[in-house]
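Accompanying notes for the structure given below.
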Amino acid sequence: MRKLAFFIPFVLFIGLSVFLFSGLFSDPMERESSVLNKPLPAFTLPDLQQPDNLWTAEKLKGKPYLLNVWGTWCVTCNAELAYLTELREQGVMIIGLYYQQPSDAAFGEVFNLAALQQEVALKLEQQGDPYQWNILDKDRSLIFDLGVTGAPETFLIDAKGMIRYHHIGDINPQVWQQKLAAAYQSLEE
Amino acid sequence: MKAFFLSLLLFTATAHASQALIEFQNPQQQALFKELTQELRCPKCQNQNIADSNAVVAVDMRNKTRELVQQGQDKDQVLDYMKSRYGDFVHYQPPLNKFTLILWLLPALMAFGLVLVLLLRRRAERSGVVTESAEQATVQPQLEQQLDQLIEQYRRKS
């Protein structure tokens, strides 16, 4: 009994060390998404370049695709455009969901659709255009319903409109191979 | 000069007031809004509540909270609305389920363990005292005898 008690601090120390050591390699941003395996929330949002064309969750059904939340203001999103374009060339269907930052009325900012369209077109011309089309979420309503915390974030959605994967952060070759490729291919079949 | 500083003061006061002017139908709704924005956690900037954070997502959550409170929804309804989108993570009060059970059990287990250790120790001490004195009772006379012998020896030498 005495000898056993002697080892208690040692065991506690080892336990604490293992706990803290594993913490070094965990990602504090990683957590289970609450929209996983749920249908894409209902929405009616305009196409960014053809605002008369309204998209709904129903219209997007039929084929698995990536829904990529992005904005020209977002540096990481710009960095992933090139790789996403490569994926598009490989046959992956990617739809953009444009994350519009709130315009600050106090500084006289007003939302200007024409300017935004031009900015987006220029950006995609320079960096590559991975998108079949872009959906403009001016008030971030669908973005809010999807539990998006920032840009870029990417959702993998199956042909029936169910959300199968929610990735926070950019998509690069490593992330695609390790996390998304298998899931996407299984949906395609 | 004094007038200048006073006017500065006036300026900051109005600037501040214009930033967060939200009107509610009654003080209860206002209190609920305040409570909710302090209890809801910003999903982007961890360790800040949505009242403190100015991240876009926190601003959107604040606006949504205001909207829902103004519609007359109660606290649980607003919390459910947020949790269904951003997960249990967004509420600073974790729910009691199989993953979080340990948070409630651990303190109780530690208190129980502490009491157990104290009790065991006390029992060990009590039985330890008894054996020690019993040991002393047999050893002491022997030692004293040896000591007497030694003293006797040295006395003779000198």
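Chain labels run A, B, ... following the order of the structure tokens; each chain numbers its residues from 1, and ligands are numbered from 1 in the order shown.
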Near Ala151 (chain A), within 7 Å and counting only C-alpha atoms, which residues show up once chain neighbours fewer than 3 positions away are dropped, as a list in words? Val69, Trp70, Cys74 and Cys77 of chain A
6 Å contacts from chain A to chain B using only C-alpha atoms, as an MDAnalysis selection string: chainID A and resid 34 145 147 149
Find the residues near region 59-61 of chain A: any atom within 10 Å, counting only C-alpha atoms, skip ones fewer than 4 places away on the same chain, and give them as a list in words.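 Once the nearby chain positions are removed, what remains is Leu40, Thr44, Leu54, Trp55, Tyr65, Ile95, Ile157, Asp158, Ala159, Lys160, Gly161 and Met162 of chain A.
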Which neighbours of region 168-178 of chain A fall inside 9 Å, counting only C-alpha atoms, when residues of the same chain fewer than 2 positions from it are skipped, and could you give them as a ChimeraX atom specification? /A:29-30,76-77,79-81,83-84,148-155,166,180-182
Prev. selection, C-alpha atoms, output as a PDB file, in the first residue's frame:
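Once written, part-v4.pdb looks like this:
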```pdb
ATOM      1  CA  MET A  29     -10.555  25.435 -34.309  1.00  0.00           C
ATOM      2  CA  GLU A  30     -11.615  21.893 -35.069  1.00  0.00           C
ATOM      3  CA  THR A  76      -6.673  32.728 -48.003  1.00  0.00           C
ATOM      4  CA  CYS A  77      -9.576  32.374 -50.443  1.00  0.00           C
ATOM      5  CA  ALA A  79      -4.657  31.650 -52.413  1.00  0.00           C
ATOM      6  CA  GLU A  80      -6.843  28.573 -52.935  1.00  0.00           C
ATOM      7  CA  LEU A  81      -8.380  29.773 -56.220  1.00  0.00           C
ATOM      8  CA  TYR A  83      -5.858  24.820 -56.771  1.00  0.00           C
ATOM      9  CA  LEU A  84      -9.655  24.879 -56.944  1.00  0.00           C
ATOM     10  CA  VAL A 148     -19.986  29.547 -41.337  1.00  0.00           C
ATOM     11  CA  THR A 149     -17.527  31.269 -39.009  1.00  0.00           C
ATOM     12  CA  GLY A 150     -15.409  32.935 -41.686  1.00  0.00           C
ATOM     13  CA  ALA A 151     -13.961  32.456 -45.127  1.00  0.00           C
ATOM     14  CA  PRO A 152     -12.848  30.218 -46.716  1.00  0.00           C
ATOM     15  CA  GLU A 153     -15.083  27.315 -45.800  1.00  0.00           C
ATOM     16  CA  THR A 154     -16.179  24.519 -48.075  1.00  0.00           C
ATOM     17  CA  PHE A 155     -19.172  22.200 -47.983  1.00  0.00           C
ATOM     18  CA  HIS A 166     -17.823  20.848 -43.768  1.00  0.00           C
ATOM     19  CA  LEU A 180     -12.279  15.505 -49.339  1.00  0.00           C
ATOM     20  CA  ALA A 181     -11.218  13.461 -52.368  1.00  0.00           C
ATOM     21  CA  ALA A 182     -12.481  10.093 -51.125  1.00  0.00           C
TER      22      ALA A 182
END
```
Write down as an MDAnalysis selection string the residues of chain B whose backbone DSSP state falls under strand (DSSP E or B). chainID B and resid 40:41 49 91
Export, as a compact mmCIF listing (two decimals), in the first residue's frame, the selected residues with N, CA and C atoms.
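Written out: result19.txt:
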```txt
# COMPACT_ATOMS: atom_id res chain seq x y z
N LEU B 40 -23.42 34.00 -25.19
CA LEU B 40 -23.10 33.37 -26.47
C LEU B 40 -21.66 33.68 -26.84
N ARG B 41 -21.02 32.66 -27.39
CA ARG B 41 -19.59 32.74 -27.63
C ARG B 41 -19.35 32.95 -29.12
N ASN B 49 -17.11 36.71 -25.98
CA ASN B 49 -18.54 36.53 -26.24
C ASN B 49 -18.94 37.47 -27.38
N HIS B 91 -22.44 28.29 -26.81
CA HIS B 91 -22.99 28.68 -25.52
C HIS B 91 -21.97 28.38 -24.44
```
Computed interatomic separation between CA of Leu187 (chain A) and CA of Gln132 (chain A) (Å):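 Answer for the CA of Leu187 (chain A) to CA of Gln132 (chain A) separation: 18.6 Å.
Minimum distance to Leu32 (chain B) across B:Leu68, B:Leu120, B:Leu143, B:Leu103 (counting only C-alpha atoms) occurs at B:Leu68.
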